[in-house]
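Down below is the structure, laid out as structure tokens.
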Amino acid sequence: MDNHDQPKATAYAGAGISPVPEPGKDAEPPEPYRGIYLMPMFMCLYSDDLDESEVFWTQGLGFINLYTMPGMMIHLRRWAFQDVLIRKSGSNTGDPDTDMESIGSLSVAVTEKQISKIVDACERLRPGSTSAPLRKPWNSLEARIHTPEGLILILTAALAVDKQKAQVYLNSHGQ
């Protein structure tokens with residue numbers, strides 16, 4: 001991989017702050033992060049039923065409820081930098097933004113040992129809302145989950161890299 005904006009020596013300096021563990025079958029997932037930080041990016045979804053959304057995201061996807069504004073919004077988090085705000089939608093909310101529908105997809109990093117457990121938990125909560133994990137050509141195992149808000153959530157487990165093959169590839173491509 002070539003990063004034209006940074007010198008090679010610092011191209012991966014940010015890896016030290018990532019909560020994602022080194023890929024592999026024995027990778028241990030970190031605990032949900034309960035600290036407070038200024039979120040560099042987050043997803044905001046809208047739900048007619050905040051209670052249903054909270055159960056699905058916490059019991060199915062393994063997020064924690066970090067903060068609640070009863071009847072208005074829940075702030076959910078899994079690992080550091082995996083924040084989702086779910087706001088109440090529907091009529092009588094007093095906010096024109098809440099009438100928006102959730103569309104699109106969001107990819108969330110998980111470990112290889114977590115992916116099937118999360119898919120199974122979500123399938124129990126919402127039958128027909130999941131796909132089986134599939135190996136993808138970009139060296140990951142992925143599963144799709146349709147949330148109660150209409151979002152396509154893609155669980156992505158990076159697979160271990162054969163470092164010798166990767167070095168041969170990089171050498172042959174002038175890296």
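By convention in this document, the chains of the structure tokens carry letters A, B, ... by their order, each chain's residues are numbered from 1, and ligands are numbered from 1 in the order they are shown.
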Which of stretch 43-73 of chain A DSSP labels strand (DSSP E or B), written as a list in words: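 So, restricting stretch 43-73 of chain A to strand (DSSP E or B), we get Met43, Cys44, Leu45, Tyr46, Ser47, Ile64, Asn65, Leu66, Tyr67, Thr68, Met69 and Met73 of chain A.
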Write out, as a compact mmCIF listing (two decimals), in the first residue's frame, the residues just selected, with N, CA, C and O atoms.
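Result file follows (part39.txt):
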# COMPACT_ATOMS: atom_id res chain seq x y z
N MET A 43 -22.46 7.46 13.49
CA MET A 43 -23.66 7.22 12.70
C MET A 43 -24.86 7.70 13.51
O MET A 43 -24.92 7.48 14.71
N CYS A 44 -25.80 8.35 12.85
CA CYS A 44 -27.06 8.73 13.48
C CYS A 44 -28.18 8.05 12.70
O CYS A 44 -28.27 8.21 11.49
N LEU A 45 -28.98 7.28 13.42
CA LEU A 45 -30.11 6.57 12.82
C LEU A 45 -31.40 7.04 13.48
O LEU A 45 -31.36 7.65 14.55
N TYR A 46 -32.51 6.74 12.86
CA TYR A 46 -33.82 7.11 13.38
C TYR A 46 -34.66 5.86 13.56
O TYR A 46 -34.64 4.96 12.72
N SER A 47 -35.39 5.79 14.67
CA SER A 47 -36.17 4.60 14.97
C SER A 47 -37.53 4.99 15.53
O SER A 47 -37.64 5.89 16.36
N ILE A 64 -23.04 -1.25 23.98
CA ILE A 64 -23.53 -0.87 25.30
C ILE A 64 -24.30 0.44 25.15
O ILE A 64 -24.06 1.20 24.22
N ASN A 65 -25.23 0.68 26.06
CA ASN A 65 -25.93 1.95 26.08
C ASN A 65 -25.08 2.89 26.92
O ASN A 65 -24.99 2.74 28.13
N LEU A 66 -24.44 3.84 26.25
CA LEU A 66 -23.55 4.77 26.93
C LEU A 66 -24.33 5.92 27.57
O LEU A 66 -23.96 6.42 28.62
N TYR A 67 -25.43 6.31 26.91
CA TYR A 67 -26.19 7.47 27.40
C TYR A 67 -27.59 7.42 26.79
O TYR A 67 -27.76 7.05 25.63
N THR A 68 -28.59 7.80 27.58
CA THR A 68 -29.97 7.84 27.11
C THR A 68 -30.61 9.18 27.42
O THR A 68 -30.46 9.69 28.52
N MET A 69 -31.31 9.70 26.45
CA MET A 69 -32.24 10.81 26.67
C MET A 69 -33.61 10.16 26.48
O MET A 69 -34.04 9.95 25.34
N MET A 73 -33.44 9.84 22.45
CA MET A 73 -32.21 9.39 21.81
C MET A 73 -31.48 8.41 22.72
O MET A 73 -31.58 8.50 23.94
Distance query A:Asp49 at most 10 Å, only C-alpha atoms, self and fewer than 6 positions along chain excluded, as a CSV table (one decimal) with C-alpha atoms, in the first residue's frame:
chain,number,residue,atom,x,y,z
A,71,GLY,CA,-38.0,9.0,24.6
A,86,ILE,CA,-30.4,6.5,17.5
A,87,ARG,CA,-33.0,9.2,17.6
A,88,LYS,CA,-36.7,8.9,18.0
A,89,SER,CA,-38.5,9.2,14.7
A,90,GLY,CA,-42.1,9.6,13.7
A,148,PRO,CA,-34.7,-2.4,12.8
A,149,GLU,CA,-33.9,1.1,11.5
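For the set A:Val110, A:Ile74, A:Ile145, A:Ala15, the residue with the smallest atom-to-atom gap to A:Glu123 is A:Ile145, counting only C-alpha atoms.
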Pairwise distance for atom CA of A:Ser107 and atom CA of A:Gly24, rounded to one decimal in Å: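 Those two atoms sit 18.8 Å apart.
For the atom pair formed by atom CA of A:Ala121 and atom CA of A:Met41, the distance is 26.5 Å, given to one decimal.
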Atom CA of A:Val108 to atom CA of A:Trp79, distance in Å rounded to a single decimal: 9.7 Å
Residue nearest A:Thr58 - candidates A:Val84, A:Met72, A:Ile115, A:Met39, atoms counted: only C-alpha atoms: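 For A:Thr58, the nearest of the candidates is A:Val84.
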DSSP helix (DSSP H, G or I) selection over stretch 5-159 of chain A, as number ranges by chain: A: 8-10, 13-17, 50-60, 96-99, 112-125
Counting only C-alpha atoms, the option among A:Ser116, A:Thr147, A:Gln167, A:Gln59 closest to A:Ala132: A:Ser116
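Taking only C-alpha atoms into account, A:Arg126 lies nearest to A:Val55 out of the set A:Val55, A:Leu85, A:Gly16, A:Ala157.
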Distance criterion (only C-alpha atoms): nearest to A:Ser53 out of A:Ala27, A:Ser131, A:Lys136, A:His75: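 Using only C-alpha atoms, the shortest distance to A:Ser53 belongs to A:His75.
Closest approach to A:Pro137 among A:Leu153, A:Ile118, A:Ala158, A:Leu125: A:Ala158, based on only C-alpha atoms.
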Contacts of A:Lys113 within 12 Å, only C-alpha atoms, excl. fewer than 4 positions in-chain, as a PyMOL selection string: chain A and resi 21+23-29+109+117-119+133+141+155-159
Include all heavy atoms and write out the residues we just selected as a tab-separated table (two decimals), in the first residue's frame.
chain	number	residue	atom	x	y	z
A	21	PRO	N	-8.04	-5.60	17.16
A	21	PRO	CA	-6.88	-6.45	17.43
A	21	PRO	C	-6.25	-6.97	16.15
A	21	PRO	O	-6.87	-6.95	15.09
A	21	PRO	CB	-7.47	-7.61	18.25
A	21	PRO	CG	-8.90	-7.66	17.85
A	21	PRO	CD	-9.30	-6.25	17.51
A	23	PRO	N	-5.39	-9.35	13.32
A	23	PRO	CA	-6.25	-10.43	12.81
A	23	PRO	C	-5.72	-11.82	13.13
A	23	PRO	O	-4.52	-12.03	13.26
A	23	PRO	CB	-6.22	-10.20	11.29
A	23	PRO	CG	-5.81	-8.78	11.11
A	23	PRO	CD	-4.92	-8.47	12.27
A	24	GLY	N	-6.63	-12.77	13.26
A	24	GLY	CA	-6.27	-14.16	13.47
A	24	GLY	C	-7.36	-14.89	14.23
A	24	GLY	O	-8.21	-14.28	14.88
A	25	LYS	N	-7.34	-16.22	14.13
A	25	LYS	CA	-8.37	-17.04	14.77
A	25	LYS	C	-8.42	-16.87	16.28
A	25	LYS	O	-9.45	-17.05	16.89
A	25	LYS	CB	-8.15	-18.51	14.43
A	25	LYS	CG	-8.47	-18.86	13.00
A	25	LYS	CD	-8.39	-20.37	12.78
A	25	LYS	CE	-8.61	-20.74	11.33
A	25	LYS	NZ	-9.94	-20.49	10.85
A	26	ASP	N	-7.30	-16.55	16.91
A	26	ASP	CA	-7.25	-16.41	18.36
A	26	ASP	C	-7.32	-14.97	18.83
A	26	ASP	O	-7.11	-14.69	20.01
A	26	ASP	CB	-5.97	-17.07	18.90
A	26	ASP	CG	-5.95	-18.57	18.65
A	26	ASP	OD1	-7.03	-19.18	18.70
A	26	ASP	OD2	-4.86	-19.12	18.41
A	27	ALA	N	-7.64	-14.04	17.93
A	27	ALA	CA	-7.70	-12.63	18.31
A	27	ALA	C	-8.79	-12.42	19.36
A	27	ALA	O	-9.90	-12.92	19.22
A	27	ALA	CB	-7.98	-11.76	17.08
A	28	GLU	N	-8.44	-11.74	20.41
A	28	GLU	CA	-9.39	-11.44	21.48
A	28	GLU	C	-9.98	-10.06	21.26
A	28	GLU	O	-9.24	-9.08	21.12
A	28	GLU	CB	-8.68	-11.48	22.84
A	28	GLU	CG	-8.32	-12.88	23.31
A	28	GLU	CD	-9.54	-13.75	23.57
A	28	GLU	OE1	-10.60	-13.21	23.98
A	28	GLU	OE2	-9.44	-14.97	23.33
A	29	PRO	N	-11.31	-9.94	21.25
A	29	PRO	CA	-11.91	-8.62	21.06
A	29	PRO	C	-11.75	-7.77	22.31
A	29	PRO	O	-11.75	-8.30	23.43
A	29	PRO	CB	-13.38	-8.94	20.82
A	29	PRO	CG	-13.60	-10.25	21.49
A	29	PRO	CD	-12.30	-11.00	21.37
A	109	ALA	N	-15.98	-3.26	12.41
A	109	ALA	CA	-14.95	-4.26	12.62
A	109	ALA	C	-15.32	-5.18	13.78
A	109	ALA	O	-15.78	-4.73	14.82
A	109	ALA	CB	-13.61	-3.58	12.91
A	117	LYS	N	-21.28	-15.56	16.28
A	117	LYS	CA	-22.07	-15.34	17.50
A	117	LYS	C	-23.00	-14.14	17.34
A	117	LYS	O	-24.16	-14.18	17.74
A	117	LYS	CB	-21.16	-15.14	18.70
A	117	LYS	CG	-20.42	-16.39	19.11
A	117	LYS	CD	-19.49	-16.10	20.28
A	117	LYS	CE	-18.66	-17.33	20.60
A	117	LYS	NZ	-17.67	-17.06	21.66
A	118	ILE	N	-22.48	-13.07	16.74
A	118	ILE	CA	-23.29	-11.87	16.55
A	118	ILE	C	-24.40	-12.15	15.54
A	118	ILE	O	-25.56	-11.78	15.76
A	118	ILE	CB	-22.42	-10.68	16.11
A	118	ILE	CG1	-21.47	-10.27	17.25
A	118	ILE	CG2	-23.28	-9.50	15.67
A	118	ILE	CD1	-20.44	-9.23	16.85
A	119	VAL	N	-24.08	-12.82	14.45
A	119	VAL	CA	-25.09	-13.15	13.44
A	119	VAL	C	-26.19	-14.01	14.08
A	119	VAL	O	-27.38	-13.75	13.89
A	119	VAL	CB	-24.45	-13.87	12.23
A	119	VAL	CG1	-25.52	-14.48	11.34
A	119	VAL	CG2	-23.59	-12.90	11.43
A	133	PRO	N	-21.87	-15.51	7.34
A	133	PRO	CA	-20.55	-14.93	7.06
A	133	PRO	C	-19.93	-15.56	5.81
A	133	PRO	O	-19.98	-16.77	5.63
A	133	PRO	CB	-19.73	-15.28	8.31
A	133	PRO	CG	-20.74	-15.53	9.38
A	133	PRO	CD	-21.93	-16.12	8.67
A	141	LEU	N	-13.80	-11.73	6.42
A	141	LEU	CA	-15.01	-12.52	6.57
A	141	LEU	C	-16.10	-11.52	6.87
A	141	LEU	O	-15.95	-10.69	7.79
A	141	LEU	CB	-14.83	-13.51	7.72
A	141	LEU	CG	-15.88	-14.57	7.92
A	141	LEU	CD1	-15.96	-15.49	6.70
A	141	LEU	CD2	-15.56	-15.39	9.17
A	155	LEU	N	-20.74	-6.63	9.16
A	155	LEU	CA	-19.73	-7.05	10.12
A	155	LEU	C	-18.52	-7.50	9.32
A	155	LEU	O	-18.64	-8.33	8.42
A	155	LEU	CB	-20.23	-8.21	10.97
A	155	LEU	CG	-21.52	-7.98	11.76
A	155	LEU	CD1	-21.91	-9.26	12.48
A	155	LEU	CD2	-21.37	-6.82	12.72
A	156	THR	N	-17.34	-6.97	9.63
A	156	THR	CA	-16.13	-7.26	8.88
A	156	THR	C	-15.04	-7.75	9.82
A	156	THR	O	-14.60	-7.01	10.70
A	156	THR	CB	-15.63	-5.99	8.15
A	156	THR	OG1	-16.67	-5.52	7.30
A	156	THR	CG2	-14.41	-6.28	7.32
A	157	ALA	N	-14.64	-9.01	9.63
A	157	ALA	CA	-13.55	-9.59	10.41
A	157	ALA	C	-12.35	-9.75	9.48
A	157	ALA	O	-12.38	-10.54	8.53
A	157	ALA	CB	-13.95	-10.94	10.99
A	158	ALA	N	-11.31	-8.96	9.74
A	158	ALA	CA	-10.08	-9.08	8.94
A	158	ALA	C	-9.46	-10.45	9.21
A	158	ALA	O	-9.45	-10.92	10.34
A	158	ALA	CB	-9.11	-7.97	9.30
A	159	LEU	N	-8.98	-11.08	8.15
A	159	LEU	CA	-8.32	-12.39	8.29
A	159	LEU	C	-6.82	-12.20	8.37
A	159	LEU	O	-6.27	-11.21	7.86
A	159	LEU	CB	-8.71	-13.28	7.11
A	159	LEU	CG	-10.22	-13.54	6.98
A	159	LEU	CD1	-10.52	-14.29	5.70
A	159	LEU	CD2	-10.74	-14.30	8.19
